[in-house]
Structures are given as C-alpha cells and as structure tokens.
>>> print(open('input29.cif').read())   # mmCIF, C-alpha atoms
data_start
loop_
_atom_site.label_atom_id
_atom_site.label_comp_id
_atom_site.auth_asym_id
_atom_site.auth_seq_id
_atom_site.Cartn_x
_atom_site.Cartn_y
_atom_site.Cartn_z
CA MET A 248 6.52 -9.57 -27.60
CA ALA A 249 9.75 -10.35 -25.78
CA GLY A 250 11.58 -7.63 -27.69
CA LEU A 251 9.91 -4.76 -25.85
CA ALA A 252 12.24 -1.95 -24.78
CA LEU A 253 15.45 -3.49 -26.14
CA ASP A 254 16.51 -0.40 -28.08
CA GLY A 255 18.85 1.78 -26.07
CA SER A 256 17.25 4.92 -27.57
CA ASN A 257 13.87 3.89 -26.17
CA PRO A 258 12.69 6.38 -23.49
CA ASP A 259 11.74 3.40 -21.35
CA VAL A 260 15.35 2.22 -21.32
CA SER A 261 16.75 5.72 -20.91
CA LEU A 262 14.60 6.33 -17.85
CA LEU A 263 15.61 2.94 -16.50
CA TYR A 264 19.29 3.89 -16.69
CA ASP A 265 18.64 7.34 -15.21
CA ILE A 266 16.78 6.01 -12.18
CA ASN A 267 18.93 2.93 -11.67
CA GLY A 268 22.03 5.08 -12.06
CA LEU A 269 21.15 6.70 -8.74
CA ALA A 270 21.90 3.36 -7.07
CA LYS A 271 25.47 3.40 -8.36
CA ASP A 272 26.18 6.77 -6.77
CA ALA A 273 24.37 6.03 -3.49
CA PRO A 274 26.13 4.64 -0.38
CA HIS A 275 25.99 0.89 0.09
CA TRP A 276 23.80 1.19 3.19
CA PHE A 277 21.24 3.29 1.30
CA ASP A 278 20.97 0.66 -1.43
CA ARG A 279 20.33 -1.97 1.23
CA VAL A 280 17.59 0.22 2.70
CA MET A 281 16.02 0.66 -0.74
CA GLU A 282 16.22 -3.09 -1.30
CA PHE A 283 14.28 -3.78 1.90
CA VAL A 284 11.79 -0.99 1.24
CA GLY A 285 11.19 -2.12 -2.33
CA GLU A 286 10.81 -5.80 -1.47
CA TYR A 287 8.98 -5.73 1.87
CA GLY A 288 8.90 -2.32 3.57
CA ILE A 289 6.20 -0.64 1.51
CA ILE A 290 3.95 -3.68 1.69
CA ILE A 291 4.29 -3.58 5.48
CA GLY A 292 3.60 0.15 5.40
CA LEU A 293 0.43 -0.38 3.37
CA ALA A 294 -0.77 -2.95 5.89
CA LEU A 295 -0.28 -0.40 8.69
CA VAL A 296 -2.10 2.30 6.71
CA GLY A 297 -4.95 -0.14 6.10
CA LEU A 298 -5.18 -0.89 9.83
CA ALA A 299 -5.21 2.83 10.64
CA ALA A 300 -7.99 3.38 8.09
CA TRP A 301 -9.99 0.50 9.61
CA TRP A 302 -9.62 1.99 13.10
CA SER A 303 -10.89 5.31 11.77
CA VAL A 304 -13.86 4.15 9.67
CA ARG A 305 -15.23 2.09 12.56
CA LYS A 306 -16.23 5.39 14.18
CA ARG A 307 -18.56 6.38 11.35
CA PRO A 308 -22.12 6.00 12.64
CA GLN A 309 -23.84 5.19 9.35
CA ASP A 310 -21.46 3.91 6.68
CA ALA A 311 -18.96 1.97 8.80
CA PRO A 312 -20.04 -1.44 7.39
CA SER A 313 -19.62 -0.32 3.78
CA ALA A 314 -16.30 1.40 4.55
CA VAL A 315 -14.93 -1.70 6.26
CA ALA A 316 -16.18 -3.77 3.33
CA GLY A 317 -14.12 -1.51 1.07
CA LEU A 318 -11.05 -2.11 3.18
CA MET A 319 -11.67 -5.86 3.04
CA TRP A 320 -11.93 -5.59 -0.74
CA ALA A 321 -8.49 -3.94 -1.02
CA PRO A 322 -6.35 -7.05 -0.34
CA LEU A 323 -8.80 -9.28 -2.18
CA ALA A 324 -8.53 -7.05 -5.24
CA ALA A 325 -4.74 -7.22 -4.99
CA GLY A 326 -4.89 -11.00 -5.01
CA LEU A 327 -7.16 -11.08 -8.05
CA ALA A 328 -4.93 -8.58 -9.86
CA LEU A 329 -1.89 -10.78 -9.23
CA ILE A 330 -3.77 -13.77 -10.63
CA ALA A 331 -4.75 -11.72 -13.69
CA ASN A 332 -1.08 -10.85 -14.18
CA ILE A 333 -0.07 -14.49 -14.66
CA PRO A 334 -1.38 -14.84 -18.24
CA ILE A 335 -0.22 -11.30 -19.07
CA ARG A 336 3.36 -12.16 -18.15
CA GLY A 337 3.18 -15.39 -20.11
CA PHE A 338 1.87 -13.59 -23.18
CA VAL A 339 4.30 -10.65 -23.19
CA GLU A 340 7.36 -12.66 -22.06
CA ARG A 341 9.52 -9.62 -21.44
CA PRO A 342 12.84 -10.54 -19.79
CA ARG A 343 14.09 -8.67 -16.76
CA PRO A 344 15.98 -5.52 -17.82
CA PHE A 345 19.33 -6.73 -16.51
CA ARG A 346 19.18 -9.67 -18.92
CA ASP A 347 19.16 -7.42 -21.98
CA HIS A 348 21.06 -4.35 -20.79
CA GLN A 349 24.56 -4.07 -19.43
CA GLY A 350 25.78 -1.87 -16.62
CA LEU A 351 22.69 -1.93 -14.42
CA GLU A 352 23.05 -1.95 -10.65
CA VAL A 353 20.86 -4.90 -9.67
CA LEU A 354 20.05 -4.83 -5.96
CA VAL A 355 18.07 -8.09 -5.85
CA ALA A 356 19.62 -11.16 -7.41
CA GLY A 357 17.83 -14.32 -8.53
CA LYS A 358 14.92 -12.76 -10.41
CA THR A 359 14.31 -15.24 -13.24
CA ASP A 360 10.63 -14.66 -14.05
CA PHE A 361 9.30 -12.22 -16.64
CA SER A 362 9.25 -8.50 -16.06
CA PHE A 363 5.94 -7.15 -17.45
CA VAL A 364 3.93 -6.30 -15.48
CA SER A 365 5.41 -5.69 -12.03
CA ASP A 366 3.73 -7.78 -9.32
CA HIS A 367 4.81 -5.33 -6.62
CA ALA A 368 3.37 -2.35 -8.49
CA THR A 369 0.15 -4.27 -9.18
CA LEU A 370 -0.30 -5.34 -5.57
CA THR A 371 0.49 -2.01 -3.95
CA MET A 372 -1.68 0.09 -6.26
CA ALA A 373 -4.62 -2.31 -5.97
CA VAL A 374 -4.45 -2.06 -2.18
CA ALA A 375 -3.97 1.71 -2.28
CA VAL A 376 -6.98 2.30 -4.53
CA GLY A 377 -9.09 0.05 -2.30
CA VAL A 378 -8.08 2.01 0.79
CA PHE A 379 -8.79 5.29 -1.03
CA MET A 380 -12.32 4.11 -1.77
CA ALA A 381 -12.93 3.70 1.96
CA HIS A 382 -10.95 6.63 3.40
CA ARG A 383 -9.63 9.52 1.30
CA ALA A 384 -6.83 10.70 3.60
CA TYR A 385 -5.35 7.28 4.33
CA GLY A 386 -5.96 6.32 0.71
CA ALA A 387 -3.88 9.25 -0.50
CA ALA A 388 -1.05 8.12 1.78
CA ALA A 389 -1.40 4.58 0.43
CA ILE A 390 -1.23 5.79 -3.17
CA GLY A 391 1.92 7.71 -2.28
CA LEU A 392 3.45 4.49 -0.96
CA ALA A 393 2.45 2.64 -4.12
CA LEU A 394 4.14 5.28 -6.28
CA LEU A 395 7.25 4.98 -4.15
CA GLU A 396 7.13 1.21 -4.67
CA GLY A 397 7.19 1.73 -8.42
CA PHE A 398 10.22 4.00 -8.14
CA CYS A 399 12.00 1.46 -5.95
CA ARG A 400 11.48 -1.37 -8.44
CA VAL A 401 13.17 0.63 -11.20
CA TYR A 402 15.86 1.89 -8.82
CA MET A 403 16.64 -1.72 -7.90
CA GLY A 404 17.15 -2.61 -11.57
CA VAL A 405 14.50 -5.34 -11.68
CA HIS A 406 11.80 -3.58 -13.75
CA TYR A 407 11.40 -1.16 -16.62
CA PRO A 408 9.33 1.97 -15.92
CA THR A 409 6.59 0.63 -18.20
CA ASP A 410 6.46 -2.56 -16.13
CA VAL A 411 5.55 -0.37 -13.17
CA ILE A 412 3.04 1.72 -15.10
CA GLY A 413 1.40 -1.45 -16.37
CA GLY A 414 1.20 -2.77 -12.83
CA PHE A 415 -0.40 0.46 -11.61
CA ALA A 416 -2.95 0.27 -14.42
CA LEU A 417 -3.76 -3.40 -13.78
CA GLY A 418 -4.15 -2.96 -10.03
CA THR A 419 -6.36 0.10 -10.45
CA ALA A 420 -8.52 -1.51 -13.13
CA VAL A 421 -9.19 -4.71 -11.18
CA THR A 422 -10.00 -2.80 -7.99
CA LEU A 423 -12.38 -0.32 -9.60
CA LEU A 424 -14.08 -2.55 -12.16
CA LEU A 425 -14.90 -5.33 -9.71
CA ALA A 426 -15.68 -3.01 -6.78
CA PRO A 427 -19.48 -2.87 -7.34
CA LEU A 428 -19.77 -6.66 -7.27
CA ALA A 429 -17.37 -6.94 -4.33
CA MET A 430 -19.24 -4.34 -2.30
CA MET A 431 -22.56 -6.02 -3.08
CA LEU A 432 -21.20 -9.23 -1.57
CA LEU A 433 -19.09 -7.86 1.28
CA THR A 434 -21.35 -5.13 2.69
CA PRO A 435 -24.09 -7.55 3.86
CA LEU A 436 -21.36 -9.58 5.56
CA THR A 437 -19.90 -6.61 7.41
CA THR A 438 -23.40 -5.40 8.30
CA ALA A 439 -24.21 -8.78 9.83
CA ILE A 440 -20.95 -8.73 11.79
CA ALA A 441 -21.69 -5.19 12.98
CA ASN A 442 -24.94 -6.43 14.51
CA SER A 443 -23.30 -9.42 16.20
CA ARG A 444 -21.33 -9.87 19.42
CA VAL A 445 -18.13 -8.87 17.65
CA GLY A 446 -19.70 -5.78 16.12
CA ARG A 447 -16.90 -3.53 17.37
CA LEU A 448 -14.74 -5.01 14.63
CA ILE A 449 -16.95 -3.17 12.16
CA ARG A 450 -18.53 -0.26 14.01
CA VAL A 451 -18.02 1.58 17.26
CA GLU A 452 -21.31 3.01 18.52
CA PRO A 453 -21.36 6.82 18.83
CA ALA A 454 -22.37 6.50 22.49
CA ALA A 455 -19.20 4.52 23.18
CA VAL A 456 -17.07 7.09 21.40
CA ALA A 457 -18.74 9.95 23.27
CA ARG A 458 -18.39 8.12 26.56
CA GLY A 459 -14.70 7.62 25.93
CA ALA A 460 -14.31 11.32 25.13
CA ASP A 461 -16.20 12.32 28.29
CA GLU A 462 -14.02 10.07 30.42
CA ALA A 463 -10.90 11.57 28.89
CA CYS A 464 -12.17 15.11 29.58
CA ALA A 465 -13.06 14.17 33.16
CA GLU A 466 -9.61 12.75 33.76
CA LEU A 467 -8.02 15.87 32.31
CA ALA A 468 -10.18 18.15 34.50
CA GLU A 469 -9.37 16.10 37.57
CA SER A 470 -5.64 16.25 36.89
CA ARG A 471 -5.86 20.02 36.46
CA SER A 472 -7.79 20.45 39.71
CA VAL A 473 -5.25 18.35 41.59
CA GLY A 474 -2.48 20.40 40.07
CA GLY A 475 -4.30 23.60 41.01
CA ASP A 476 -4.74 22.46 44.63
CA HIS A 477 -1.03 21.74 44.89
CA GLY A 478 -0.31 25.15 43.46
CA ASN A 479 -2.59 26.87 46.02
CA LYS A 480 -1.04 24.93 48.86
CA ASP A 481 2.40 25.94 47.74
CA LEU A 482 1.35 29.60 47.61
CA ALA A 483 -0.24 29.36 51.05
CA ALA A 484 2.94 27.88 52.46
#
>>> encode(input="input29.cif", output="structure tokens")
Amino acid sequence: MAGLALDGSNPDVSLLYDINGLAKDAPHWFDRVMEFVGEYGIIIGLALVGLAAWWSVRKRPQDAPSAVAGLMWAPLAAGLALIANIPIRGFVERPRPFRDHQGLEVLVAGKTDFSFVSDHATLTMAVAVGVFMAHRAYGAAAIGLALLEGFCRVYMGVHYPTDVIGGFALGTAVTLLLAPLAMMLLTPLTTAIANSRVGRLIRVEPAAVARGADEACAELAESRSVGGDHGNKDLAA
C-alpha cells in the first residue's frame, strides 16, 4: 500500500505539484503565515468558533442542553477520529510526498510519520461537523476553516490531496456515526448541569436575556434624553 500516488501522471500528484507550486512563487513572509495557519492557526480559529457557538446556543430556551452536548461532542469526536487514524496509517504506510517526489517546497521540516490520512484534516473536519450539528451558521464557518486547513496541508508540501480528502471523510464519519450514542450520553449530563448552580454554562434563562435587553434599552434611552437636554440648553442659550 506504500506505493500510492507515486506515478507522476497520477492526478493526485499533479494536483499536489500545482498547489504546492504556489508556495514557490509566494513571498517568504506569506509562506511563514501559511505555515502557522496550517499548523496551529486554524485549530485556534475553530476553538474560537466553537466558543462563539456555545455562547449563542446557551440562549435557546428549550434545546440549549442538547446543543451544548453537541458542541461537547465535537472535540471528543475529533479525538476518537485521531485514534481511529492510527491503525489506518499503519496499514496504508504511505510516505510523506516529499520523500517520493522531488522539487516540492516543504514548509514544515521533520515530518517522519506516514501521510495517509491527514491528522489535521481529520481533526478539523470532525470538529467542524460537530459544531454544524449544534449551530448551522457557526458550523458553516467551521467547515470553511476545515477546508482551508486541507488546502494548507497540501500547500505546505506535507500531504497529498487524497490524504486530506481521506481525513475529511474519516472525521465526518466518526462524528456522524457515533453522534446518536454520544448525544444519548451527553445530553442528560448537560441537562443536569443546566439545572444546577452553574446552569448558566449550559442555558441562559429567557428572563435573564430579556432583562439584559431591557437594561440596554433603558441605558440607551437615558443617554438620548441627556443628549437631548444638552441640545435644548444649547439652543436656549
């Protein structure tokens, strides 16, 4: 299985050279940015998207516990997908592309493990699909970040395109197939937390949200009235 994608006429290899070739023509600083984004930046971005989704779903009056359970499942699914990738890598034993192909611009040195499937692609897509299950808008943004992660891994010269596609498929499969069991276990937990002293971690009561909105409107009205009084005084003067 180690001989996958060794033929230079293979579309997988051709696409690898096309995408990685962009790194040769790009400024040095841009390659360094892509290196950081591909290694760490998108993972950080997904964490921020997940936090934003959590902040939003807490305001749902009815399904906040199940939505938060879905967000909790996202990183857990990513971890399980990475574990599932260990035997896959050992079975396929595909070397990194720069070991079998000359002329690649490799932005991250020291990669000695096998290439198929991409851990980064697996992790990011598993998280993105989990977020999408809980919140469609933030989930769409997370999926966009995961797709960008896949592009970055090929751009950096450390993965074939099919490594990335395989990672996307693995992350999606683990997240969706195990979601019913995960939600069955996690939703009672989040429901119990929602009814405890730290319930605001799971759900913000509608009364609290409305009260906050009323206070904001009152402050705005007060500021306008003060501004209006100053304006009348100025006119009177």
>>> closest_residue(input="input29.cif", among="A:Trp320, A:Tyr264, A:Trp301, A:Phe283", to="Pro427 in chain A", atoms="all atoms listed in the file")
A:Trp320
>>> residues_around(input="input29.cif", residues="range 387-394 of chain A", least_positions_apart="3", cutoff="7 Å", atoms="all atoms listed in the file", output="PyMOL selection string")
chain A and resi 289+293+296+368+371-372+375-376+379+383-384+397-398
>>> resolve_selection(input="input29.cif", expression="the PyMOL selection byres ((chain A and resi 414) around 8)", output="list in words")
Phe363, Val364, Ser365, Asp366, His367, Ala368, Thr369, Leu370, Met372, Asp410, Val411, Ile412, Gly413, Phe415, Ala416, Leu417 and Gly418 of chain A
>>> atom_distance(input="input29.cif", atom1="CA of Ala311 in chain A", atom2="CA of Val378 in chain A")
13.5 Å
>>> residues_around(input="input29.cif", residues="range 273-281 of chain A", least_positions_apart="4", cutoff="9 Å", atoms="all atoms listed in the file", output="ChimeraX atom specification")
/A:268-269,285-286,288,354,399,402-403
>>> resolve_selection(input="input29.cif", expression="the PyMOL selection byres ((chain A and resi 346) around 12)", output="PyMOL selection string")
chain A and resi 249-250+252-253+341-345+347-353+356-362+404-407
>>> build_atoms(input="input29.cif", residues="range 391-402 of chain A", atoms="all heavy atoms", output="compact mmCIF listing (two decimals), in the frame of the given file")
# COMPACT_ATOMS: atom_id res chain seq x y z
N GLY A 391 0.54 7.23 -2.32
CA GLY A 391 1.92 7.71 -2.28
C GLY A 391 2.92 6.59 -2.07
O GLY A 391 3.98 6.55 -2.70
N LEU A 392 2.58 5.65 -1.18
CA LEU A 392 3.45 4.49 -0.96
C LEU A 392 3.55 3.63 -2.20
O LEU A 392 4.62 3.10 -2.53
CB LEU A 392 2.93 3.67 0.22
CG LEU A 392 3.10 4.28 1.62
CD1 LEU A 392 2.44 3.39 2.67
CD2 LEU A 392 4.58 4.45 1.96
N ALA A 393 2.43 3.45 -2.90
CA ALA A 393 2.45 2.64 -4.12
C ALA A 393 3.34 3.28 -5.19
O ALA A 393 4.09 2.58 -5.88
CB ALA A 393 1.03 2.46 -4.65
N LEU A 394 3.27 4.59 -5.33
CA LEU A 394 4.14 5.28 -6.28
C LEU A 394 5.60 5.12 -5.90
O LEU A 394 6.47 4.93 -6.77
CB LEU A 394 3.76 6.77 -6.35
CG LEU A 394 2.37 7.08 -6.91
CD1 LEU A 394 2.07 8.57 -6.80
CD2 LEU A 394 2.25 6.61 -8.36
N LEU A 395 5.88 5.19 -4.61
CA LEU A 395 7.25 4.98 -4.15
C LEU A 395 7.72 3.56 -4.45
O LEU A 395 8.88 3.34 -4.81
CB LEU A 395 7.35 5.26 -2.65
CG LEU A 395 8.72 5.04 -2.00
CD1 LEU A 395 9.78 5.93 -2.63
CD2 LEU A 395 8.64 5.30 -0.49
N GLU A 396 6.80 2.61 -4.33
CA GLU A 396 7.13 1.21 -4.67
C GLU A 396 7.56 1.11 -6.13
O GLU A 396 8.55 0.43 -6.45
CB GLU A 396 5.92 0.32 -4.41
CG GLU A 396 6.12 -1.14 -4.80
CD GLU A 396 7.13 -1.86 -3.92
OE1 GLU A 396 7.16 -1.57 -2.70
OE2 GLU A 396 7.88 -2.69 -4.45
N GLY A 397 6.83 1.77 -7.01
CA GLY A 397 7.19 1.73 -8.42
C GLY A 397 8.58 2.31 -8.67
O GLY A 397 9.37 1.74 -9.44
N PHE A 398 8.89 3.41 -8.01
CA PHE A 398 10.22 4.00 -8.14
C PHE A 398 11.29 3.03 -7.65
O PHE A 398 12.34 2.85 -8.28
CB PHE A 398 10.29 5.31 -7.36
CG PHE A 398 11.64 5.95 -7.36
CD1 PHE A 398 12.05 6.76 -8.41
CD2 PHE A 398 12.53 5.73 -6.31
CE1 PHE A 398 13.31 7.34 -8.41
CE2 PHE A 398 13.78 6.32 -6.30
CZ PHE A 398 14.18 7.12 -7.36
N CYS A 399 11.02 2.39 -6.52
CA CYS A 399 12.00 1.46 -5.95
C CYS A 399 12.28 0.29 -6.89
O CYS A 399 13.44 -0.13 -7.02
CB CYS A 399 11.49 0.92 -4.61
SG CYS A 399 11.52 2.11 -3.25
N ARG A 400 11.26 -0.21 -7.57
CA ARG A 400 11.48 -1.37 -8.44
C ARG A 400 12.39 -1.02 -9.61
O ARG A 400 13.21 -1.84 -10.04
CB ARG A 400 10.14 -1.89 -8.97
CG ARG A 400 9.13 -2.30 -7.92
CD ARG A 400 9.69 -3.25 -6.90
NE ARG A 400 9.92 -4.59 -7.45
CZ ARG A 400 10.44 -5.59 -6.76
NH1 ARG A 400 10.81 -5.40 -5.51
NH2 ARG A 400 10.62 -6.77 -7.34
N VAL A 401 12.28 0.20 -10.13
CA VAL A 401 13.17 0.63 -11.20
C VAL A 401 14.55 0.94 -10.63
O VAL A 401 15.57 0.59 -11.23
CB VAL A 401 12.59 1.86 -11.93
CG1 VAL A 401 13.52 2.30 -13.07
CG2 VAL A 401 11.21 1.54 -12.49
N TYR A 402 14.60 1.59 -9.49
CA TYR A 402 15.86 1.89 -8.82
C TYR A 402 16.66 0.62 -8.57
O TYR A 402 17.89 0.60 -8.72
CB TYR A 402 15.56 2.60 -7.50
CG TYR A 402 16.78 3.00 -6.69
CD1 TYR A 402 17.30 4.28 -6.78
CD2 TYR A 402 17.38 2.10 -5.80
CE1 TYR A 402 18.41 4.65 -6.02
CE2 TYR A 402 18.48 2.46 -5.05
CZ TYR A 402 18.99 3.74 -5.17
OH TYR A 402 20.09 4.10 -4.41
